[in-house]
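Peer 1: Provided herewith is a single structure, encoded as C-alpha cells, for subsequent inquiry.
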Amino acid sequence: MPLVRISLIKGKSSEHIRALSDGVHRGLRDAYGVPADDRFHLIHQHAPDELIYDSEYLGLHRTDDVVIINIVAGNWRDTAQKKALYRAITDNLVADPGLRPEDVLIVLSPNARDEWSFGNGLASYVQNDVR
C-alpha cells in the first residue's frame, strides 16, 4: 500500500487534481503492481509562497505547475521498477492533466513491511499479528 502525498500550488480545478491522482495511481498499478482498490492519496495545495522550489535545479526549467509527489512504499522494489514508476507517472501526467515532464518531481520514501498498520492496531503485513 503506497501512501502518496501530492503537493502543488493552489488554483487548479478539481478535474486537474483528480487527473493527478489518477495518473499517479495508474503508474503505481502498472510499474509496481499495486491493486486497483489500493489508493490512499493526500493532496496538499499551497499558496505560492508556501511551495518553494528551485526552478533550475539539475538544469531543468520548472514552472509554477510543478507537482511534488512523495510516495511511501515498501522497500522491496529494485531500481528497474523504480525507474519504470518514474516514467509511468510522468508519462501519465503529461497526457492528463497536461503537465510538462520537467514539472513532475517524484520522491520515494521506502519502508519495511512491519511499518504499516491498516487498522485495528495490527502490523498488517506481518504474518500472525493478531489482537
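Chain labels A, B, ... are given in the sequence in which chains occur in the C-alpha cells; within each chain residues are numbered consecutively from 1, and ligands are likewise numbered from 1 in the order shown.
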With a distance cut-off of 12 Å and only C-alpha atoms, select the neighbouring residues of stretch 117-129 of chain A, excluding the residue or stretch itself and same-chain residues fewer than 3 positions from it, and output the selection as a list in words.

Peer 2: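 The contact residues come out as Met1, Pro2, Leu3, Asp38, Phe40, Gly74, Asn111, Ala112, Arg113 and Asp114 of chain A.
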
Peer 1: Contacts of stretch 81-89 of chain A at 8 Å or less, counting only C-alpha atoms, minus same-chain residues fewer than 5 places along, as a PDB file with N, CA, C and O atoms, in the first residue's frame?

Peer 2:
```pdb
ATOM      1  N   GLY A  23      -3.403   9.643 -12.488  1.00  0.00           N
ATOM      2  CA  GLY A  23      -2.156   9.352 -13.195  1.00  0.00           C
ATOM      3  C   GLY A  23      -1.115   8.699 -12.308  1.00  0.00           C
ATOM      4  O   GLY A  23      -0.398   7.781 -12.739  1.00  0.00           O
ATOM      5  N   VAL A  24      -1.018   9.161 -11.071  1.00  0.00           N
ATOM      6  CA  VAL A  24      -0.088   8.544 -10.129  1.00  0.00           C
ATOM      7  C   VAL A  24      -0.528   7.118  -9.837  1.00  0.00           C
ATOM      8  O   VAL A  24       0.284   6.178  -9.854  1.00  0.00           O
ATOM      9  N   ARG A  26      -2.378   5.067 -11.646  1.00  0.00           N
ATOM     10  CA  ARG A  26      -2.160   4.219 -12.821  1.00  0.00           C
ATOM     11  C   ARG A  26      -0.695   3.816 -12.925  1.00  0.00           C
ATOM     12  O   ARG A  26      -0.370   2.664 -13.225  1.00  0.00           O
ATOM     13  N   GLY A  27       0.203   4.758 -12.650  1.00  0.00           N
ATOM     14  CA  GLY A  27       1.625   4.455 -12.675  1.00  0.00           C
ATOM     15  C   GLY A  27       2.005   3.424 -11.626  1.00  0.00           C
ATOM     16  O   GLY A  27       2.798   2.513 -11.886  1.00  0.00           O
ATOM     17  N   LEU A  28       1.437   3.548 -10.434  1.00  0.00           N
ATOM     18  CA  LEU A  28       1.701   2.574  -9.376  1.00  0.00           C
ATOM     19  C   LEU A  28       1.172   1.197  -9.743  1.00  0.00           C
ATOM     20  O   LEU A  28       1.805   0.180  -9.472  1.00  0.00           O
ATOM     21  N   ASP A  30       0.720   0.027 -12.855  1.00  0.00           N
ATOM     22  CA  ASP A  30       1.481  -0.508 -13.986  1.00  0.00           C
ATOM     23  C   ASP A  30       2.908  -0.911 -13.597  1.00  0.00           C
ATOM     24  O   ASP A  30       3.387  -1.961 -14.011  1.00  0.00           O
ATOM     25  N   ALA A  31       3.598  -0.077 -12.836  1.00  0.00           N
ATOM     26  CA  ALA A  31       5.015  -0.319 -12.550  1.00  0.00           C
ATOM     27  C   ALA A  31       5.247  -1.134 -11.280  1.00  0.00           C
ATOM     28  O   ALA A  31       6.246  -1.840 -11.180  1.00  0.00           O
ATOM     29  N   TYR A  32       4.346  -1.007 -10.309  1.00  0.00           N
ATOM     30  CA  TYR A  32       4.541  -1.676  -9.023  1.00  0.00           C
ATOM     31  C   TYR A  32       3.541  -2.788  -8.772  1.00  0.00           C
ATOM     32  O   TYR A  32       3.624  -3.478  -7.765  1.00  0.00           O
ATOM     33  N   ILE A 106       9.331  13.458  -8.287  1.00  0.00           N
ATOM     34  CA  ILE A 106       8.877  12.276  -7.546  1.00  0.00           C
ATOM     35  C   ILE A 106       9.957  11.871  -6.547  1.00  0.00           C
ATOM     36  O   ILE A 106      11.129  11.747  -6.912  1.00  0.00           O
TER      37      ILE A 106
END
```

Peer 1: Compare A:Ala80, A:Val72, A:Ile52, A:Val67 by their minimum atom-to-atom distance to A:Arg100, counting only C-alpha atoms, and give me the closest one.

Peer 2: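 Nearest candidate to A:Arg100 out of A:Ala80, A:Val72, A:Ile52, A:Val67: A:Val67.
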
Peer 1: Here is a test: counting only C-alpha atoms, which residue of A:Ile68, A:Leu93, A:Leu99, A:Leu108 is nearest to A:Leu20?

Peer 2: A:Leu93

Peer 1: Could you check how far atom CA of A:Arg29 sits from atom CA of A:Thr63, in Å to one decimal?

Peer 2: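 Calculated distance between atom CA of A:Arg29 and atom CA of A:Thr63 is 27.8 Å.
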
Peer 1: Write down as a VMD selection string the residues belonging to chain A that are assigned helix (DSSP H, G or I) by DSSP computed on the backbone.

Peer 2: chain A and resid 14 to 32 48 to 50 57 to 59 79 to 95 101 to 103 113 to 115
